[in-house]
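Enquirer: CSV, C-alpha atoms, saved as start.csv, coming up:
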```csv
chain,number,residue,atom,x,y,z
Y,1,MET,CA,-4.8,16.8,-31.9
Y,2,ALA,CA,-7.5,14.2,-31.5
Y,3,GLN,CA,-5.3,11.8,-33.3
Y,4,ARG,CA,-2.4,12.4,-31.0
Y,5,THR,CA,-4.5,11.7,-27.9
Y,6,MET,CA,-5.7,8.5,-29.5
Y,7,TRP,CA,-2.2,7.4,-30.2
Y,8,ARG,CA,-1.1,8.3,-26.7
Y,9,ASP,CA,-4.1,6.3,-25.2
Y,10,PHE,CA,-3.0,3.3,-27.3
Y,11,ALA,CA,0.8,3.5,-27.0
Y,12,LYS,CA,1.0,3.8,-23.2
Y,13,GLY,CA,-0.2,0.2,-22.9
Y,14,LEU,CA,2.7,-1.0,-25.0
Y,15,TRP,CA,5.6,0.4,-22.9
Y,16,ALA,CA,5.1,3.2,-20.4
Y,17,GLU,CA,2.2,1.5,-18.6
Y,18,ASN,CA,2.7,-2.1,-19.9
Y,19,PRO,CA,0.4,-4.2,-17.7
Y,20,VAL,CA,3.0,-7.0,-17.1
Y,21,SER,CA,6.4,-5.3,-17.0
Y,22,ARG,CA,5.3,-2.1,-15.4
Y,23,GLN,CA,2.1,-2.6,-13.4
Y,24,LEU,CA,2.8,-6.2,-12.5
Y,25,LEU,CA,-0.9,-7.0,-13.1
Y,26,GLY,CA,-2.2,-10.4,-14.3
Y,27,MET,CA,0.7,-12.3,-12.9
Y,28,CYS,CA,-1.0,-15.6,-12.5
Y,29,SER,CA,-1.8,-16.2,-16.1
Y,30,THR,CA,1.4,-14.5,-17.3
Y,31,LEU,CA,3.6,-16.9,-15.4
Y,32,ALA,CA,1.5,-20.1,-15.6
Y,33,ILE,CA,0.8,-20.5,-19.3
Y,34,THR,CA,3.9,-19.1,-21.0
Y,35,ASN,CA,5.7,-22.4,-21.4
Y,36,ALA,CA,4.8,-22.4,-25.1
Y,37,VAL,CA,4.3,-19.6,-27.6
Y,38,ILE,CA,0.9,-20.9,-28.7
Y,39,ASN,CA,-0.4,-20.9,-25.2
Y,40,GLY,CA,0.8,-17.4,-24.6
Y,41,LEU,CA,-0.8,-16.2,-27.7
Y,42,ALA,CA,-4.1,-17.9,-27.0
Y,43,MET,CA,-4.1,-16.5,-23.5
Y,44,GLY,CA,-3.3,-13.0,-24.7
Y,45,LEU,CA,-6.1,-13.1,-27.3
Y,46,ALA,CA,-8.6,-14.3,-24.7
Y,47,VAL,CA,-7.6,-11.6,-22.2
Y,48,GLY,CA,-7.7,-9.0,-25.1
Y,49,PHE,CA,-11.2,-10.1,-26.1
Y,50,VAL,CA,-12.5,-9.9,-22.5
Y,51,LEU,CA,-10.7,-6.6,-21.8
Y,52,ILE,CA,-12.0,-4.9,-25.0
Y,53,CYS,CA,-15.6,-6.1,-24.7
Y,54,SER,CA,-15.9,-5.3,-20.9
Y,55,SER,CA,-14.2,-1.9,-21.3
Y,56,GLY,CA,-16.6,-1.1,-24.1
Y,57,LEU,CA,-19.7,-2.2,-22.3
Y,58,ILE,CA,-18.7,-0.6,-19.0
Y,59,SER,CA,-18.0,2.7,-20.7
Y,60,LEU,CA,-21.4,2.6,-22.4
Y,61,ILE,CA,-23.3,2.1,-19.2
Y,62,ARG,CA,-21.0,4.0,-16.8
Y,63,LYS,CA,-23.7,6.6,-16.1
Y,64,LEU,CA,-26.3,4.0,-15.2
Y,65,ILE,CA,-24.3,2.1,-12.6
Y,66,PRO,CA,-24.6,3.6,-9.1
Y,67,SER,CA,-21.2,4.0,-7.7
Y,68,GLN,CA,-21.8,1.9,-4.5
Y,69,VAL,CA,-22.3,-1.3,-6.5
Y,70,ARG,CA,-20.0,-0.6,-9.4
Y,71,ILE,CA,-17.3,-3.1,-8.5
Y,72,ALA,CA,-19.9,-5.9,-8.2
Y,73,SER,CA,-21.4,-4.9,-11.6
Y,74,TYR,CA,-18.0,-4.8,-13.3
Y,75,ILE,CA,-17.2,-8.3,-11.9
Y,76,VAL,CA,-20.5,-9.7,-13.3
Y,77,ILE,CA,-19.9,-8.1,-16.7
Y,78,ILE,CA,-16.4,-9.4,-16.8
Y,79,ALA,CA,-17.5,-12.9,-15.7
Y,80,ALA,CA,-20.0,-13.0,-18.5
Y,81,PHE,CA,-17.4,-12.3,-21.2
Y,82,VAL,CA,-14.9,-14.7,-19.6
Y,83,THR,CA,-17.6,-17.4,-19.8
Y,84,ILE,CA,-18.0,-16.7,-23.5
Y,85,ALA,CA,-14.3,-16.9,-24.1
Y,86,ASP,CA,-14.0,-20.1,-22.1
Y,87,ARG,CA,-16.9,-21.9,-23.8
Y,88,PHE,CA,-15.7,-20.7,-27.2
Y,89,MET,CA,-12.3,-22.1,-26.6
Y,90,ALA,CA,-13.6,-25.4,-25.2
Y,91,ALA,CA,-15.8,-25.8,-28.3
Y,92,PHE,CA,-13.4,-24.9,-31.1
Y,93,PHE,CA,-10.0,-25.5,-29.7
Y,94,PRO,CA,-10.3,-28.4,-27.2
Y,95,PRO,CA,-6.6,-29.2,-26.9
Y,96,LEU,CA,-5.7,-25.6,-26.3
Y,97,SER,CA,-8.5,-25.3,-23.7
Y,98,LYS,CA,-7.2,-28.3,-22.0
Y,99,ALA,CA,-3.6,-27.0,-21.9
Y,100,LEU,CA,-4.7,-23.7,-20.4
Y,101,GLY,CA,-6.9,-25.5,-17.8
Y,102,PRO,CA,-8.3,-23.4,-15.0
Y,103,TYR,CA,-6.4,-20.3,-16.2
Y,104,VAL,CA,-9.0,-19.3,-18.7
Y,105,PRO,CA,-11.8,-19.0,-16.1
Y,106,LEU,CA,-9.2,-17.3,-13.9
Y,107,ILE,CA,-9.2,-14.3,-16.3
Y,108,VAL,CA,-12.2,-13.1,-14.3
Y,109,VAL,CA,-9.9,-12.3,-11.4
Y,110,ASN,CA,-7.2,-10.9,-13.6
Y,111,CYS,CA,-6.5,-7.5,-12.1
Y,112,ILE,CA,-5.7,-5.9,-15.5
Y,113,ILE,CA,-9.4,-6.0,-16.5
Y,114,LEU,CA,-10.9,-4.8,-13.3
Y,115,GLY,CA,-8.1,-2.2,-13.1
Y,116,ARG,CA,-8.8,-0.8,-16.5
Y,117,ALA,CA,-12.6,-0.8,-15.9
Y,118,GLU,CA,-12.1,1.1,-12.7
Y,119,ALA,CA,-9.3,3.4,-13.7
Y,120,PHE,CA,-10.3,4.2,-17.3
Y,121,ALA,CA,-13.5,2.8,-18.8
Y,122,SER,CA,-15.7,4.1,-15.9
Y,123,LYS,CA,-14.6,7.7,-16.6
Y,124,ASN,CA,-14.1,7.9,-20.3
Y,125,PRO,CA,-16.3,7.7,-23.4
Y,126,LEU,CA,-16.6,4.6,-25.5
Y,127,GLY,CA,-14.0,5.5,-28.2
Y,128,ARG,CA,-11.2,6.3,-25.8
Y,129,SER,CA,-12.0,3.3,-23.6
Y,130,LEU,CA,-11.8,1.0,-26.5
Y,131,ILE,CA,-8.5,2.4,-27.7
Y,132,ASP,CA,-7.2,2.2,-24.1
Y,133,ALA,CA,-8.3,-1.5,-23.9
Y,134,LEU,CA,-6.8,-2.2,-27.3
Y,135,GLY,CA,-3.4,-0.7,-26.2
Y,136,MET,CA,-3.4,-2.6,-22.9
Y,137,SER,CA,-4.3,-5.9,-24.7
Y,138,ALA,CA,-1.5,-5.3,-27.2
Y,139,GLY,CA,1.0,-4.7,-24.4
Y,140,TYR,CA,-0.2,-7.8,-22.6
Y,141,ILE,CA,0.1,-10.0,-25.7
Y,142,LEU,CA,3.5,-8.5,-26.5
Y,143,ALA,CA,4.8,-9.4,-23.0
Y,144,LEU,CA,3.3,-12.9,-23.1
Y,145,VAL,CA,4.8,-13.6,-26.5
Y,146,VAL,CA,8.3,-12.4,-25.5
Y,147,LEU,CA,8.2,-14.4,-22.3
Y,148,SER,CA,6.8,-17.6,-23.9
Y,149,SER,CA,9.3,-17.3,-26.8
Y,150,ILE,CA,12.2,-17.2,-24.5
Y,151,ARG,CA,10.9,-20.1,-22.4
Y,152,GLU,CA,10.0,-22.3,-25.3
Y,153,LEU,CA,13.2,-21.6,-27.2
Y,154,LEU,CA,15.5,-22.4,-24.2
Y,155,GLY,CA,13.3,-25.1,-22.7
Y,156,ASN,CA,12.5,-27.0,-25.8
Y,157,GLY,CA,14.6,-25.7,-28.6
Y,158,THR,CA,11.4,-24.9,-30.6
Y,159,LEU,CA,9.3,-21.9,-31.5
Y,160,LEU,CA,5.5,-22.5,-32.1
Y,161,GLY,CA,6.4,-26.2,-32.1
Y,162,ARG,CA,8.9,-25.9,-34.9
Y,163,LYS,CA,12.5,-26.9,-34.3
Y,164,VAL,CA,14.7,-23.8,-34.3
Y,165,LEU,CA,17.9,-24.8,-32.4
Y,166,GLY,CA,19.9,-27.6,-33.9
Y,167,ALA,CA,20.1,-31.2,-32.6
Y,168,GLY,CA,23.3,-30.3,-30.6
Y,169,PHE,CA,21.2,-28.2,-28.3
Y,170,GLU,CA,20.5,-29.7,-24.9
Y,171,PRO,CA,17.1,-28.3,-23.8
Y,172,TRP,CA,17.0,-26.5,-20.4
Y,173,THR,CA,14.0,-28.3,-19.1
Y,174,ILE,CA,13.9,-26.0,-16.0
Y,175,MET,CA,12.7,-23.2,-18.3
Y,176,LEU,CA,9.4,-25.1,-18.9
Y,177,LEU,CA,8.9,-25.7,-15.1
Y,178,PRO,CA,7.6,-23.0,-12.7
Y,179,PRO,CA,11.1,-21.7,-11.6
Y,180,GLY,CA,11.9,-20.8,-15.2
Y,181,ALA,CA,8.8,-18.6,-15.3
Y,182,PHE,CA,9.8,-16.7,-12.2
Y,183,LEU,CA,13.4,-16.3,-13.2
Y,184,THR,CA,12.7,-15.2,-16.8
Y,185,LEU,CA,10.1,-12.7,-15.8
Y,186,GLY,CA,12.3,-11.3,-13.1
Y,187,LEU,CA,15.2,-10.9,-15.5
Y,188,LEU,CA,13.0,-9.3,-18.1
Y,189,ILE,CA,11.6,-6.8,-15.7
Y,190,GLY,CA,15.1,-5.9,-14.6
Y,191,ALA,CA,16.1,-5.5,-18.3
Y,192,ALA,CA,13.1,-3.3,-19.0
Y,193,TYR,CA,14.0,-1.0,-16.1
Y,194,GLN,CA,17.6,-0.8,-17.3
Y,195,ILE,CA,16.6,0.2,-20.8
Y,196,GLU,CA,14.2,2.8,-19.4
Y,197,ARG,CA,17.0,4.3,-17.3
Y,198,ARG,CA,19.4,4.4,-20.2
Y,199,VAL,CA,16.8,6.2,-22.4
Y,200,ARG,CA,16.0,8.7,-19.7
Y,201,ARG,CA,19.7,9.4,-19.0
Y,202,ARG,CA,20.3,10.0,-22.7
Y,203,ARG,CA,17.3,12.4,-22.9
Y,204,ALA,CA,18.6,14.4,-19.9
Y,205,ARG,CA,21.9,14.9,-21.6
H,1,MET,CA,-4.3,-41.7,3.6
H,2,ASN,CA,-5.7,-40.1,0.5
H,3,LEU,CA,-6.5,-36.9,2.5
H,4,LEU,CA,-3.0,-36.8,4.0
H,5,LEU,CA,-1.6,-37.0,0.5
H,6,ILE,CA,-3.8,-34.2,-0.7
H,7,PHE,CA,-2.7,-32.1,2.2
H,8,ILE,CA,1.0,-32.6,1.8
H,9,GLY,CA,0.7,-32.3,-1.9
H,10,SER,CA,-1.0,-28.9,-1.8
H,11,VAL,CA,1.5,-27.6,0.9
H,12,LEU,CA,4.8,-28.7,-0.5
H,13,ILE,CA,4.5,-30.2,-4.0
H,14,ASN,CA,1.7,-28.4,-5.8
H,15,ASN,CA,2.2,-25.2,-3.7
H,16,PHE,CA,-0.4,-22.7,-4.8
H,17,VAL,CA,2.1,-19.9,-5.2
H,18,LEU,CA,5.2,-21.7,-6.5
H,19,HIS,CA,3.5,-24.3,-8.7
H,20,TYR,CA,0.1,-23.0,-9.7
H,21,PHE,CA,1.1,-19.3,-9.7
H,22,LEU,CA,-2.0,-18.4,-7.8
H,23,GLY,CA,-2.0,-15.5,-5.4
H,24,ILE,CA,1.1,-13.9,-6.9
H,25,CYS,CA,-0.2,-10.3,-6.3
H,26,PRO,CA,-0.3,-10.5,-2.5
H,27,PHE,CA,2.8,-12.7,-2.6
H,28,LEU,CA,4.7,-9.9,-4.1
H,29,GLY,CA,2.8,-7.0,-2.6
H,30,VAL,CA,2.5,-7.9,1.1
H,31,SER,CA,5.8,-9.7,1.6
H,32,LYS,CA,8.0,-6.9,2.9
H,33,LYS,CA,7.5,-7.7,6.6
H,34,ILE,CA,7.1,-11.1,8.2
H,35,LYS,CA,4.3,-10.0,10.5
H,36,ALA,CA,2.1,-8.6,7.8
H,37,ALA,CA,2.9,-11.6,5.6
H,38,PHE,CA,1.7,-13.9,8.3
H,39,SER,CA,-1.5,-12.0,8.9
H,40,MET,CA,-2.2,-12.1,5.1
H,41,GLY,CA,-1.5,-15.8,5.1
H,42,VAL,CA,-4.0,-16.4,8.0
H,43,ALA,CA,-6.6,-14.3,6.3
H,44,VAL,CA,-6.2,-16.1,3.0
H,45,THR,CA,-6.3,-19.5,4.7
H,46,PHE,CA,-9.5,-18.6,6.5
H,47,VAL,CA,-11.2,-17.5,3.3
H,48,LEU,CA,-9.9,-20.5,1.4
H,49,VAL,CA,-11.5,-23.0,3.7
H,50,LEU,CA,-14.8,-21.1,3.7
H,51,THR,CA,-14.7,-20.9,-0.1
H,52,ALA,CA,-13.9,-24.6,-0.3
H,53,VAL,CA,-17.1,-25.4,1.6
H,54,ALA,CA,-19.3,-22.9,-0.2
H,55,SER,CA,-18.1,-23.7,-3.7
H,56,TRP,CA,-18.5,-27.4,-3.1
H,57,ALA,CA,-22.1,-26.8,-2.0
H,58,ILE,CA,-22.9,-24.5,-4.9
H,59,ASN,CA,-21.4,-26.9,-7.4
H,60,HIS,CA,-23.0,-30.1,-6.1
H,61,TRP,CA,-26.3,-28.9,-4.9
H,62,ILE,CA,-27.2,-26.3,-7.5
H,63,LEU,CA,-25.0,-26.2,-10.6
H,64,ILE,CA,-24.7,-30.0,-11.3
H,65,PRO,CA,-28.3,-31.0,-10.5
H,66,TYR,CA,-29.7,-28.3,-12.7
H,67,ASP,CA,-27.1,-28.7,-15.4
H,68,LEU,CA,-25.9,-25.2,-15.0
H,69,GLN,CA,-22.1,-25.8,-15.1
H,70,TYR,CA,-21.6,-23.1,-17.7
H,71,LEU,CA,-22.6,-20.6,-15.1
H,72,GLN,CA,-19.7,-21.8,-12.9
H,73,ILE,CA,-17.5,-18.8,-13.3
H,74,VAL,CA,-20.2,-16.2,-12.6
H,75,ALA,CA,-21.5,-18.3,-9.6
H,76,PHE,CA,-18.1,-18.8,-8.0
H,77,ILE,CA,-17.0,-15.2,-8.3
H,78,LEU,CA,-20.3,-13.9,-6.8
H,79,VAL,CA,-20.1,-16.4,-3.9
H,80,ILE,CA,-16.5,-15.4,-3.2
H,81,ALA,CA,-17.2,-11.7,-3.3
H,82,SER,CA,-20.2,-11.9,-1.0
H,83,LEU,CA,-18.4,-14.4,1.3
H,84,VAL,CA,-15.5,-12.0,1.7
H,85,GLN,CA,-17.8,-9.1,2.4
H,86,PHE,CA,-19.7,-11.2,4.9
H,87,VAL,CA,-16.6,-12.4,6.7
H,88,GLU,CA,-15.3,-8.9,7.0
H,89,MET,CA,-18.6,-7.7,8.6
H,90,PHE,CA,-18.7,-10.7,10.9
H,91,VAL,CA,-15.1,-10.3,12.1
H,92,ARG,CA,-15.5,-6.6,12.6
H,93,LYS,CA,-18.6,-7.1,14.8
H,94,THR,CA,-17.4,-10.1,16.8
H,95,SER,CA,-13.7,-9.6,17.2
H,96,PRO,CA,-12.2,-6.2,16.9
H,97,PRO,CA,-8.6,-7.3,17.6
H,98,LEU,CA,-8.8,-9.9,14.9
H,99,TYR,CA,-10.2,-7.3,12.6
H,100,GLN,CA,-7.3,-5.0,13.4
H,101,ALA,CA,-4.9,-7.8,12.5
H,102,MET,CA,-6.3,-9.0,9.2
H,103,GLY,CA,-9.1,-6.5,8.4
H,104,ILE,CA,-7.3,-4.5,5.8
H,105,TYR,CA,-6.3,-7.6,3.9
H,106,LEU,CA,-9.8,-9.0,3.6
H,107,PRO,CA,-11.1,-6.8,0.8
H,108,LEU,CA,-7.9,-7.5,-1.2
H,109,ILE,CA,-8.7,-11.2,-1.1
H,110,THR,CA,-11.8,-10.9,-3.4
H,111,VAL,CA,-9.6,-10.5,-6.4
H,112,ASN,CA,-7.0,-12.9,-5.2
H,113,CYS,CA,-6.7,-15.6,-7.8
H,114,ALA,CA,-5.9,-18.2,-5.2
H,115,ILE,CA,-9.5,-18.2,-3.9
H,116,MET,CA,-11.1,-18.5,-7.4
H,117,GLY,CA,-8.3,-21.0,-8.3
H,118,LEU,CA,-9.2,-23.2,-5.4
H,119,ALA,CA,-12.9,-23.4,-6.3
H,120,LEU,CA,-12.0,-24.1,-10.0
H,121,LEU,CA,-9.3,-26.7,-9.3
H,122,ALA,CA,-11.4,-28.6,-6.7
H,123,SER,CA,-14.2,-28.9,-9.2
H,124,LEU,CA,-11.8,-29.8,-12.0
H,125,LYS,CA,-10.2,-32.6,-9.9
H,126,GLU,CA,-13.7,-33.8,-8.9
H,127,TYR,CA,-12.9,-33.9,-5.2
H,128,ASP,CA,-15.5,-35.0,-2.7
H,129,PHE,CA,-16.5,-32.8,0.3
H,130,ALA,CA,-13.8,-33.9,2.7
H,131,GLU,CA,-11.1,-33.8,0.0
H,132,THR,CA,-12.1,-30.3,-1.0
H,133,VAL,CA,-11.9,-29.0,2.6
H,134,VAL,CA,-8.5,-30.6,3.1
H,135,PHE,CA,-7.4,-29.2,-0.2
H,136,GLY,CA,-8.5,-25.7,1.0
H,137,VAL,CA,-6.6,-26.1,4.3
H,138,GLY,CA,-3.5,-27.4,2.6
H,139,ALA,CA,-3.6,-24.6,0.0
H,140,GLY,CA,-3.8,-22.0,2.7
H,141,ALA,CA,-1.0,-23.5,4.7
H,142,GLY,CA,1.1,-23.7,1.5
H,143,PHE,CA,0.3,-20.0,0.7
H,144,THR,CA,1.2,-19.0,4.3
H,145,LEU,CA,4.5,-20.9,4.2
H,146,ALA,CA,5.5,-19.4,0.9
H,147,ILE,CA,4.6,-15.8,1.7
H,148,VAL,CA,6.3,-16.0,5.2
H,149,LEU,CA,9.5,-17.5,3.7
H,150,MET,CA,9.4,-14.8,1.0
H,151,ALA,CA,9.0,-12.0,3.6
H,152,ALA,CA,11.9,-13.4,5.6
H,153,ILE,CA,14.2,-13.4,2.6
H,154,ARG,CA,13.1,-9.9,1.6
H,155,GLU,CA,13.8,-8.5,5.1
H,156,GLN,CA,17.4,-9.8,4.6
H,157,LEU,CA,17.5,-8.4,1.1
H,158,GLU,CA,17.0,-4.9,2.5
H,159,LEU,CA,20.6,-5.1,3.6
H,160,ALA,CA,21.9,-6.5,0.3
H,161,ASP,CA,23.4,-4.5,-2.5
H,162,VAL,CA,20.9,-5.1,-5.3
H,163,PRO,CA,21.5,-3.6,-8.8
H,164,GLU,CA,19.4,-0.5,-9.3
H,165,ALA,CA,17.3,-1.9,-12.1
H,166,PHE,CA,16.3,-5.0,-10.1
H,167,LYS,CA,15.1,-3.3,-7.0
H,168,GLY,CA,11.6,-4.2,-6.1
H,169,ALA,CA,9.8,-6.5,-8.5
H,170,GLY,CA,12.8,-7.8,-10.4
H,171,ILE,CA,14.7,-9.2,-7.5
H,172,ALA,CA,11.5,-10.5,-5.8
H,173,LEU,CA,10.7,-12.6,-8.9
H,174,VAL,CA,14.2,-13.9,-9.1
H,175,VAL,CA,14.0,-14.9,-5.4
H,176,ALA,CA,10.6,-16.6,-6.0
H,177,GLY,CA,12.2,-18.5,-8.9
H,178,ILE,CA,15.0,-19.8,-6.6
H,179,MET,CA,12.4,-20.7,-4.0
H,180,ALA,CA,10.4,-22.6,-6.6
H,181,LEU,CA,13.5,-24.4,-7.6
H,182,ALA,CA,14.0,-25.5,-4.0
H,183,PHE,CA,10.4,-26.6,-3.7
H,184,LEU,CA,10.8,-28.6,-6.9
H,185,GLY,CA,13.0,-30.9,-4.7
H,186,PHE,CA,9.8,-32.1,-3.0
H,187,SER,CA,8.2,-33.3,-6.2
H,188,GLY,CA,9.6,-36.8,-5.8
H,189,MET,CA,8.0,-37.3,-2.4
H,190,ILE,CA,4.6,-38.6,-3.6
H,191,LYS,CA,4.2,-41.3,-6.3
```
Do you think you could lay out the structure here as structure tokens?
Expert:
Amino acid sequence: MAQRTMWRDFAKGLWAENPVSRQLLGMCSTLAITNAVINGLAMGLAVGFVLICSSGLISLIRKLIPSQVRIASYIVIIAAFVTIADRFMAAFFPPLSKALGPYVPLIVVNCIILGRAEAFASKNPLGRSLIDALGMSAGYILALVVLSSIRELLGNGTLLGRKVLGAGFEPWTIMLLPPGAFLTLGLLIGAAYQIERRVRRRRAR
Amino acid sequence: MNLLLIFIGSVLINNFVLHYFLGICPFLGVSKKIKAAFSMGVAVTFVLVLTAVASWAINHWILIPYDLQYLQIVAFILVIASLVQFVEMFVRKTSPPLYQAMGIYLPLITVNCAIMGLALLASLKEYDFAETVVFGVGAGAGFTLAIVLMAAIREQLELADVPEAFKGAGIALVVAGIMALAFLGFSGMIK
């Protein structure tokens, strides 16, 4: 029983409540940095780190925070972890930090993190909050990797910097530019809904 | 001349929504009616300009002199949150009609990435005071332009026959993509 709740807490982030394709949260970073798989992965990991740490901490001190100032306290906690992630990246992966630019500090206003803090971590014990954060991070990373793979493959003919499509392939530069991000995500969300509807219809039968 | 370039650049070329992907949440959420979209645009512009001034002051008078740049993220988000709160109280006390028009959008603005993005970008580009303010005005105008255009298209979309799976977010993003494509045409204007 306990195991099943745990699994459900984790798995809902992957599909049913996927932060990107379902809840449309964290759009700025999702769209802006998915022009290469490595950037998408780095961003996903950074958001995951902040989400897991802040969910854990908020869940631990949830009974100490007066409810009138809870949002402000959450924001300060989140900002602290974002600063850690940002400084860490600038120190150990300078080129990556440069490529992501202002979008790492912008994790602080990423609605996924504040959303999970308010909707889940502030009401649930540490274990469940951590698993929830883990599931949401996994779903977010999954969405970013899928999106950035499509964009890098079509826009550059490469995956993780390695040439995949042959020399005869003419890169669709537009996929690396902003319009490509909007179009790819729009089509992906449409596809996700279509799959969901198919599955539901089959179950009903 | 430089100021003019920054203004035009931030309205048309490096549009906050369509180039930097900042403020996507209100762009998708509050763009069903032109009127609401315009109010949102005005409210965001207002806060953007105030933030430009406040973040510049914090950065140049406190963070840089005392070598505290690593506190930038925490400092900016606190300034923005309290600024929005203050603006809301001020507007409610002084001008009830204005509060009616944009009041409900103000709290939403705290977690709007456009505001935080402006503060970060202005400090990243090392703009001086006048440039930062013009950047804020331009960014607000660009945001308003994008969200009003989007709302106008979506009002028309109500009548269109959109495939079931794409209703809502899917078609909105595709429309935004086509708009971004059109705005890409401006990119040759400067340089």
Enquirer: For CA of Met40 in chain H and CA of Leu106 in chain Y, quote the distance in Å rounded to one decimal.
Expert: 20.9 Å
Enquirer: Hey, which bits of chain Y sit within 6 Å of chain H, and for each residue what's the closest pair of atoms and how far apart in Å (one decimal), counting only C-alpha atoms, rows by chain and increasing number, as CSV?
Expert:
```
residue,atom,partner,partner_atom,distance
Y:Cys28,CA,H:Phe21,CA,5.1
Y:Ala32,CA,H:Phe21,CA,6.0
Y:Ala79,CA,H:Val74,CA,5.3
Y:Val109,CA,H:Val111,CA,5.3
Y:Pro178,CA,H:His19,CA,5.9
Y:Pro179,CA,H:Gly177,CA,4.3
Y:Phe182,CA,H:Gly177,CA,4.5
Y:Leu183,CA,H:Val174,CA,4.8
Y:Gly186,CA,H:Gly170,CA,4.4
Y:Ile189,CA,H:Gly170,CA,5.5
Y:Gly190,CA,H:Phe166,CA,4.7
Y:Tyr193,CA,H:Ala165,CA,5.3
Y:Gln194,CA,H:Ala165,CA,5.3
```
Enquirer: Can you pull out the residues contacting Phe186 in chain H? Cut-off 10 Å, using only C-alpha atoms, and skip same-chain residues under 5 positions away; I want them as a ChimeraX atom specification.
Expert: /H:9,12-14,181
Enquirer: So which residues touch range 47-62 of chain H within 8 Å, counting only C-alpha atoms, skipping near sequence neighbours fewer than 2 positions away, as a list in words?
Expert: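 The neighbour list is Ala43, Val44, Thr45, Ile64, Pro65, Tyr66, Leu68, Gln69, Gln72, Ala75, Phe76, Val79, Ile80, Leu83, Val84, Ile115, Leu118, Ala119, Ala122, Ser123, Phe129, Thr132, Val133, Phe135, Gly136, Val137, Ala139 and Gly140 of chain H.
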Enquirer: Once 8 Å is added on each side, what centre and edge lengths in Å to one decimal does the axis-aligned box around all listed atoms of range 20-27 of chain Y have, as lines of an AutoDock Vina configuration file?
Expert:
```
center_x = 2.1
center_y = -7.2
center_z = -14.8
size_x = 24.6
size_y = 26.2
size_z = 20.6
```
Enquirer: If you measure from CA of Val30 in chain H to CA of Leu145 in chain H, what distance in Å do you get, rounded to one decimal?
Expert: 13.5 Å
Enquirer: Please identify all polymer residues lying at most 9 Å from the point (-18.4, -8.1, -20.7) (file coordinates), using all atoms listed in the file, and present the result as a list in words.
Expert: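 Those residues lying close to the given coordinates are Val50, Leu51, Ile52, Cys53, Ser54, Ser55, Gly56, Leu57, Ile58, Tyr74, Ile75, Val76, Ile77, Ile78, Ala79, Ala80, Phe81 and Val82 of chain Y.
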Enquirer: Go ahead and find all residues with at least one atom no further than 12 Å from (-17.7, -0.2, -7.8) in the file's coordinates, using only C-alpha atoms; report them as a list in words.
Expert: Ile58, Arg62, Ile65, Pro66, Ser67, Gln68, Val69, Arg70, Ile71, Ala72, Ser73, Tyr74, Ile75, Val76, Leu114, Gly115, Ala117, Glu118, Ala119 and Ser122 of chain Y
Enquirer: Residues as selected, C-alpha atoms, written as an mmCIF file, in the frame of the given file, can you do that?
Expert:
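As a result, out_30.cif now contains:
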```cif
data_model
loop_
_atom_site.group_PDB
_atom_site.id
_atom_site.type_symbol
_atom_site.label_atom_id
_atom_site.label_comp_id
_atom_site.auth_asym_id
_atom_site.auth_seq_id
_atom_site.Cartn_x
_atom_site.Cartn_y
_atom_site.Cartn_z
ATOM 1 C CA ILE Y 58 -18.700 -0.600 -19.000
ATOM 2 C CA ARG Y 62 -21.000 4.000 -16.800
ATOM 3 C CA ILE Y 65 -24.300 2.100 -12.600
ATOM 4 C CA PRO Y 66 -24.600 3.600 -9.100
ATOM 5 C CA SER Y 67 -21.200 4.000 -7.700
ATOM 6 C CA GLN Y 68 -21.800 1.900 -4.500
ATOM 7 C CA VAL Y 69 -22.300 -1.300 -6.500
ATOM 8 C CA ARG Y 70 -20.000 -0.600 -9.400
ATOM 9 C CA ILE Y 71 -17.300 -3.100 -8.500
ATOM 10 C CA ALA Y 72 -19.900 -5.900 -8.200
ATOM 11 C CA SER Y 73 -21.400 -4.900 -11.600
ATOM 12 C CA TYR Y 74 -18.000 -4.800 -13.300
ATOM 13 C CA ILE Y 75 -17.200 -8.300 -11.900
ATOM 14 C CA VAL Y 76 -20.500 -9.700 -13.300
ATOM 15 C CA LEU Y 114 -10.900 -4.800 -13.300
ATOM 16 C CA GLY Y 115 -8.100 -2.200 -13.100
ATOM 17 C CA ALA Y 117 -12.600 -0.800 -15.900
ATOM 18 C CA GLU Y 118 -12.100 1.100 -12.700
ATOM 19 C CA ALA Y 119 -9.300 3.400 -13.700
ATOM 20 C CA SER Y 122 -15.700 4.100 -15.900
#
```
Enquirer: What is the distance between CA of Glu88 in chain H and CA of Phe46 in chain H, in Å to one decimal?
Expert: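 Computing the Euclidean distance for CA of Glu88 in chain H and CA of Phe46 in chain H yields 11.3 Å.
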Enquirer: Closest to Asn35 in chain Y among Y:Leu187, Y:Arg162, Y:Leu134, Y:Leu100, using all atoms listed in the file?
Expert: Y:Leu100
Enquirer: Measuring atom to atom with only C-alpha atoms, identify which of H:Ala130, H:Ala151, H:Ala160, H:Ile109 is nearest to Ser31 in chain H.
Expert: H:Ala151
